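Novice: This one is target-v3.txt, compact mmCIF, N, CA and C atoms.
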# COMPACT_ATOMS: atom_id res chain seq x y z
N MET A 364 38.86 88.38 92.52
CA MET A 364 38.98 88.48 93.94
C MET A 364 38.83 87.09 94.54
N ALA A 365 39.66 86.78 95.46
CA ALA A 365 39.64 85.48 96.11
C ALA A 365 38.39 85.34 96.99
N ALA A 366 37.93 84.11 97.17
CA ALA A 366 36.70 83.84 97.93
C ALA A 366 36.76 84.42 99.34
N GLU A 367 37.91 84.30 100.02
CA GLU A 367 38.01 84.83 101.38
C GLU A 367 37.93 86.35 101.42
N GLN A 368 38.34 87.01 100.34
CA GLN A 368 38.24 88.46 100.27
C GLN A 368 36.80 88.91 100.06
N ARG A 369 36.03 88.10 99.31
CA ARG A 369 34.64 88.44 99.05
C ARG A 369 33.84 88.56 100.33
N GLY A 370 34.06 87.66 101.27
CA GLY A 370 33.34 87.69 102.54
C GLY A 370 33.58 89.00 103.27
N LYS A 371 34.81 89.45 103.27
CA LYS A 371 35.14 90.72 103.92
C LYS A 371 34.47 91.90 103.21
N VAL A 372 34.49 91.86 101.88
CA VAL A 372 33.89 92.96 101.11
C VAL A 372 32.38 92.99 101.33
N TYR A 373 31.73 91.83 101.23
CA TYR A 373 30.28 91.78 101.44
C TYR A 373 29.91 92.18 102.86
N GLY A 374 30.77 91.94 103.81
CA GLY A 374 30.50 92.28 105.21
C GLY A 374 30.67 93.74 105.54
N SER A 375 31.26 94.50 104.63
CA SER A 375 31.47 95.93 104.90
C SER A 375 30.17 96.70 104.62
N ASP A 376 30.10 97.89 105.14
CA ASP A 376 28.95 98.76 104.90
C ASP A 376 29.16 99.67 103.69
N HIS A 377 30.16 99.37 102.89
CA HIS A 377 30.52 100.26 101.79
C HIS A 377 30.23 99.67 100.41
N LEU A 378 29.55 98.55 100.35
CA LEU A 378 29.32 97.88 99.08
C LEU A 378 27.85 97.89 98.71
N ALA A 379 27.53 98.36 97.50
CA ALA A 379 26.15 98.32 97.02
C ALA A 379 25.92 97.04 96.22
N ASN A 380 26.89 96.67 95.38
CA ASN A 380 26.75 95.49 94.54
C ASN A 380 28.13 95.09 94.05
N LEU A 381 28.34 93.81 93.87
CA LEU A 381 29.59 93.29 93.36
C LEU A 381 29.28 92.58 92.04
N LEU A 382 29.90 93.02 90.96
CA LEU A 382 29.64 92.45 89.65
C LEU A 382 30.63 91.33 89.33
N GLU A 383 30.09 90.24 88.81
CA GLU A 383 30.94 89.19 88.26
C GLU A 383 31.26 89.59 86.82
N VAL A 384 32.51 89.56 86.42
CA VAL A 384 32.92 89.97 85.08
C VAL A 384 33.60 88.81 84.38
N PRO A 385 32.82 87.97 83.67
CA PRO A 385 33.42 86.83 82.99
C PRO A 385 34.23 87.22 81.75
N ASP A 386 33.86 88.34 81.10
CA ASP A 386 34.56 88.79 79.89
C ASP A 386 35.12 90.19 80.16
N GLN A 387 36.37 90.25 80.58
CA GLN A 387 36.99 91.52 80.97
C GLN A 387 37.05 92.50 79.80
N GLY A 388 37.32 92.01 78.58
CA GLY A 388 37.39 92.89 77.41
C GLY A 388 36.05 93.55 77.12
N LEU A 389 34.99 92.77 77.15
CA LEU A 389 33.65 93.30 76.92
C LEU A 389 33.30 94.32 78.01
N PHE A 390 33.62 94.00 79.25
CA PHE A 390 33.35 94.90 80.36
C PHE A 390 34.05 96.24 80.16
N LEU A 391 35.30 96.22 79.75
CA LEU A 391 36.04 97.46 79.54
C LEU A 391 35.45 98.28 78.40
N ARG A 392 35.02 97.62 77.33
CA ARG A 392 34.38 98.34 76.22
C ARG A 392 33.07 98.98 76.67
N GLN A 393 32.26 98.23 77.42
CA GLN A 393 30.99 98.77 77.90
C GLN A 393 31.22 99.92 78.88
N LEU A 394 32.20 99.80 79.73
CA LEU A 394 32.53 100.86 80.67
C LEU A 394 32.96 102.12 79.92
N ASP A 395 33.75 101.95 78.88
CA ASP A 395 34.16 103.09 78.05
C ASP A 395 32.95 103.74 77.40
N ASP A 396 31.99 102.94 76.93
CA ASP A 396 30.76 103.48 76.33
C ASP A 396 29.97 104.30 77.35
N VAL A 397 29.87 103.80 78.57
CA VAL A 397 29.17 104.53 79.63
C VAL A 397 29.86 105.86 79.90
N LEU A 398 31.17 105.84 80.03
CA LEU A 398 31.91 107.07 80.31
C LEU A 398 31.76 108.09 79.18
N ARG A 399 31.80 107.63 77.95
CA ARG A 399 31.62 108.53 76.79
C ARG A 399 30.23 109.14 76.81
N ALA A 400 29.21 108.34 77.12
CA ALA A 400 27.83 108.83 77.15
C ALA A 400 27.64 109.87 78.26
N VAL A 401 28.23 109.61 79.42
CA VAL A 401 28.10 110.53 80.55
C VAL A 401 28.76 111.87 80.25
N GLU A 402 29.80 111.86 79.45
CA GLU A 402 30.53 113.10 79.13
C GLU A 402 29.79 113.97 78.12
N THR A 403 28.69 113.49 77.53
CA THR A 403 27.91 114.28 76.59
C THR A 403 26.92 115.16 77.34
N ASP A 404 26.20 115.99 76.60
CA ASP A 404 25.15 116.84 77.20
C ASP A 404 23.79 116.15 77.16
N PHE A 405 23.73 114.91 76.70
CA PHE A 405 22.45 114.20 76.61
C PHE A 405 21.97 113.77 77.99
N GLU A 406 20.65 113.78 78.17
CA GLU A 406 20.07 113.23 79.39
C GLU A 406 20.05 111.72 79.23
N ILE A 407 20.62 111.01 80.17
CA ILE A 407 20.70 109.55 80.10
C ILE A 407 19.97 108.95 81.28
N ARG A 408 19.06 108.02 80.98
CA ARG A 408 18.32 107.31 82.02
C ARG A 408 18.43 105.82 81.76
N LEU A 409 18.37 105.06 82.82
CA LEU A 409 18.31 103.61 82.65
C LEU A 409 16.91 103.24 82.23
N ALA A 410 16.81 102.36 81.27
CA ALA A 410 15.50 101.90 80.81
C ALA A 410 15.05 100.73 81.67
N PRO A 411 13.89 100.85 82.30
CA PRO A 411 13.40 99.71 83.09
C PRO A 411 13.23 98.48 82.23
N ARG A 412 13.51 97.33 82.78
CA ARG A 412 13.38 96.08 82.03
C ARG A 412 11.95 95.58 82.09
N ILE A 413 11.08 96.32 81.47
CA ILE A 413 9.67 95.98 81.43
C ILE A 413 9.29 95.87 79.97
N GLY A 414 8.78 94.71 79.56
CA GLY A 414 8.45 94.48 78.17
C GLY A 414 7.05 93.95 77.99
N GLU A 415 6.64 93.88 76.73
CA GLU A 415 5.30 93.41 76.39
C GLU A 415 5.00 92.04 76.99
N GLY A 416 3.78 91.92 77.52
CA GLY A 416 3.33 90.66 78.09
C GLY A 416 3.68 90.46 79.55
N MET A 417 4.50 91.34 80.11
CA MET A 417 4.91 91.18 81.52
C MET A 417 3.80 91.66 82.45
N LYS A 418 3.65 90.95 83.55
CA LYS A 418 2.71 91.38 84.58
C LYS A 418 3.45 92.33 85.51
N VAL A 419 2.81 93.48 85.78
CA VAL A 419 3.45 94.52 86.58
C VAL A 419 2.49 95.05 87.63
N LYS A 420 3.06 95.74 88.60
CA LYS A 420 2.30 96.40 89.65
C LYS A 420 2.66 97.88 89.62
N ILE A 421 1.65 98.72 89.75
CA ILE A 421 1.87 100.16 89.77
C ILE A 421 2.35 100.53 91.16
N LYS A 422 3.52 101.17 91.25
CA LYS A 422 4.12 101.43 92.55
C LYS A 422 3.96 102.86 93.03
N SER A 423 3.42 103.76 92.20
CA SER A 423 3.19 105.13 92.65
C SER A 423 2.07 105.77 91.85
N GLY A 424 1.57 106.87 92.36
CA GLY A 424 0.49 107.59 91.68
C GLY A 424 -0.88 107.15 92.14
N PRO A 425 -1.94 107.70 91.53
CA PRO A 425 -3.31 107.40 91.96
C PRO A 425 -3.74 105.95 91.75
N LEU A 426 -3.09 105.23 90.87
CA LEU A 426 -3.42 103.82 90.62
C LEU A 426 -2.50 102.87 91.39
N ARG A 427 -1.75 103.40 92.33
CA ARG A 427 -0.79 102.61 93.11
C ARG A 427 -1.44 101.34 93.67
N GLY A 428 -0.70 100.22 93.50
CA GLY A 428 -1.16 98.93 94.02
C GLY A 428 -1.90 98.09 93.01
N MET A 429 -2.38 98.70 91.93
CA MET A 429 -3.09 97.92 90.90
C MET A 429 -2.09 97.11 90.08
N GLU A 430 -2.56 95.98 89.56
CA GLU A 430 -1.73 95.11 88.73
C GLU A 430 -2.31 95.06 87.33
N GLY A 431 -1.43 94.89 86.36
CA GLY A 431 -1.86 94.81 84.97
C GLY A 431 -0.81 94.15 84.11
N TRP A 432 -1.07 94.16 82.81
CA TRP A 432 -0.16 93.54 81.84
C TRP A 432 0.29 94.58 80.84
N VAL A 433 1.57 94.55 80.52
CA VAL A 433 2.13 95.49 79.55
C VAL A 433 1.68 95.09 78.15
N GLU A 434 1.00 96.00 77.49
CA GLU A 434 0.55 95.78 76.12
C GLU A 434 1.59 96.25 75.11
N GLN A 435 2.20 97.41 75.39
CA GLN A 435 3.14 97.99 74.43
C GLN A 435 4.04 99.00 75.11
N ARG A 436 5.24 99.17 74.57
CA ARG A 436 6.18 100.22 75.02
C ARG A 436 6.23 101.31 73.97
N TYR A 437 6.33 102.54 74.42
CA TYR A 437 6.50 103.68 73.54
C TYR A 437 7.79 104.39 73.97
N GLY A 438 8.86 104.12 73.28
CA GLY A 438 10.13 104.74 73.63
C GLY A 438 10.66 104.20 74.95
N MET A 439 11.47 105.01 75.60
CA MET A 439 12.14 104.59 76.83
C MET A 439 11.22 104.59 78.04
N ASN A 440 10.25 105.51 78.09
CA ASN A 440 9.56 105.75 79.34
C ASN A 440 8.08 105.39 79.39
N THR A 441 7.40 105.37 78.28
CA THR A 441 5.95 105.21 78.30
C THR A 441 5.54 103.77 78.03
N VAL A 442 4.59 103.30 78.85
CA VAL A 442 4.09 101.93 78.75
C VAL A 442 2.58 101.96 78.66
N LEU A 443 2.01 101.21 77.73
CA LEU A 443 0.57 101.02 77.67
C LEU A 443 0.25 99.79 78.50
N LEU A 444 -0.53 99.98 79.53
CA LEU A 444 -0.81 98.93 80.50
C LEU A 444 -2.28 98.53 80.42
N ARG A 445 -2.55 97.22 80.38
CA ARG A 445 -3.92 96.71 80.38
C ARG A 445 -4.31 96.36 81.80
N LEU A 446 -5.39 96.96 82.26
CA LEU A 446 -5.94 96.67 83.58
C LEU A 446 -7.27 95.95 83.39
N ASP A 447 -7.53 94.94 84.18
CA ASP A 447 -8.80 94.21 84.08
C ASP A 447 -9.73 94.62 85.21
N PHE A 448 -10.94 95.00 84.84
CA PHE A 448 -11.96 95.41 85.80
C PHE A 448 -13.21 94.57 85.60
N ILE A 449 -13.57 93.74 86.54
CA ILE A 449 -14.83 92.99 86.55
C ILE A 449 -15.37 92.71 85.14
N GLY A 450 -14.68 91.88 84.42
CA GLY A 450 -15.13 91.49 83.09
C GLY A 450 -14.84 92.48 81.98
N GLN A 451 -14.20 93.58 82.30
CA GLN A 451 -13.85 94.59 81.30
C GLN A 451 -12.35 94.86 81.40
N ALA A 452 -11.79 95.32 80.30
CA ALA A 452 -10.38 95.70 80.30
C ALA A 452 -10.27 97.18 79.96
N ALA A 453 -9.32 97.83 80.57
CA ALA A 453 -9.05 99.24 80.29
C ALA A 453 -7.56 99.38 80.04
N ALA A 454 -7.19 100.36 79.26
CA ALA A 454 -5.79 100.60 78.97
C ALA A 454 -5.42 101.99 79.46
N VAL A 455 -4.23 102.10 80.00
CA VAL A 455 -3.73 103.37 80.49
C VAL A 455 -2.25 103.48 80.16
N LYS A 456 -1.83 104.69 79.80
CA LYS A 456 -0.41 104.93 79.54
C LYS A 456 0.23 105.45 80.82
N LEU A 457 1.34 104.83 81.20
CA LEU A 457 2.06 105.21 82.42
C LEU A 457 3.55 105.31 82.14
N ASP A 458 4.24 105.98 83.03
CA ASP A 458 5.70 106.04 82.97
C ASP A 458 6.24 104.70 83.48
N ALA A 459 7.18 104.12 82.77
CA ALA A 459 7.74 102.81 83.15
C ALA A 459 8.38 102.82 84.53
N THR A 460 8.86 103.98 84.97
CA THR A 460 9.48 104.03 86.29
C THR A 460 8.45 103.91 87.41
N ASP A 461 7.15 104.03 87.09
CA ASP A 461 6.11 103.87 88.09
C ASP A 461 5.66 102.42 88.23
N LEU A 462 6.34 101.51 87.53
CA LEU A 462 5.94 100.09 87.52
C LEU A 462 7.04 99.21 88.07
N GLU A 463 6.62 98.06 88.63
CA GLU A 463 7.58 97.03 89.04
C GLU A 463 7.05 95.69 88.58
N THR A 464 7.94 94.80 88.18
CA THR A 464 7.52 93.49 87.71
C THR A 464 7.10 92.63 88.89
N ILE A 465 6.15 91.75 88.62
CA ILE A 465 5.70 90.81 89.67
C ILE A 465 5.64 89.41 89.09
Taking this structure as input, can you express it in the form of structure tokens?

Specialist:
Amino acid sequence: MAAEQRGKVYGSDHLANLLEVPDQGLFLRQLDDVLRAVETDFEIRLAPRIGEGMKVKIKSGPLRGMEGWVEQRYGMNTVLLRLDFIGQAAAVKLDATDLETI
């Protein structure tokens, strides 16, 4: 898309995100993979990009607002989080979707 067209597209109320596609072949293969996965009966979720050692903030639930460090991931959804309390550390397992990186 030409630069002057981008301004018009970004200015519309109909755009959520515009992807830059440097490798069109790779993009088409990945898009085909997504379409094939969606056509199955499997439940598909996006995996949050939260990994070991990352500092995160709990964004929902009874511990909302607390910050901690990711100790370990268990599959797609569960995260072992280290919280520090006045000279002590505690660990809690949370759903990764309840966390945001900081």

Novice: Can you pull out every residue from chain A that DSSP, working from the backbone, puts in strand (DSSP E or B), and format the result as a ChimeraX atom specification?

Specialist: /A:418-421,430-437,441-448,451-458,462-464

Novice: Nearest residue to A:Ala459 out of A:Ile407, A:Leu443, A:Leu426, A:Leu382, using only C-alpha atoms?

Specialist: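 Of A:Ile407, A:Leu443, A:Leu426, A:Leu382, the one nearest A:Ala459 is A:Leu443, counting only C-alpha atoms.
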
Novice: Hey, what's within 10 Å of stretch 422-425 of chain A if we count only C-alpha atoms and toss same-chain stuff fewer than 4 positions away? As a PyMOL selection string, please?

Specialist: chain A and resi 429-430+457+460-464

Novice: Return the single residue from A:Ile465, A:Val384, A:Met364, A:Ala454 that is closest to A:Gly428, with distances computed using only C-alpha atoms.

Specialist: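 Between A:Ile465, A:Val384, A:Met364, A:Ala454, the residue approaching A:Gly428 most closely is A:Ile465.
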
Novice: Quick check, in Å to one decimal: how far apart do atom N of A:Val397 and atom C of A:Ala379 lie?

Specialist: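 We find that atom N of A:Val397 and atom C of A:Ala379 lie 19.3 Å from each other.
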
Novice: Between A:Val433, A:Gly414, A:Gly374, A:Val401, which has the minimum distance to A:Ala453 (counting only C-alpha atoms)?

Specialist: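 Residue with the minimum atom-to-atom distance to A:Ala453: A:Val433.
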
Novice: Between atom C of A:Arg412 and atom CA of A:Leu389, measure the distance and give it in Å to one decimal.

Specialist: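 Taking atom C of A:Arg412 and atom CA of A:Leu389, their separation equals 22.4 Å.
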
Novice: Rounded to one decimal in Å, what is the spacing between atom CA of A:Val419 and atom CA of A:Asn380?

Specialist: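 Going from atom CA of A:Val419 over to atom CA of A:Asn380 covers 24.6 Å.
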
Novice: Where does DSSP see alpha helix (DSSP H) in stretch 390-429 of chain A, if you list the residues as a PyMOL selection string?

Specialist: chain A and resi 390-401
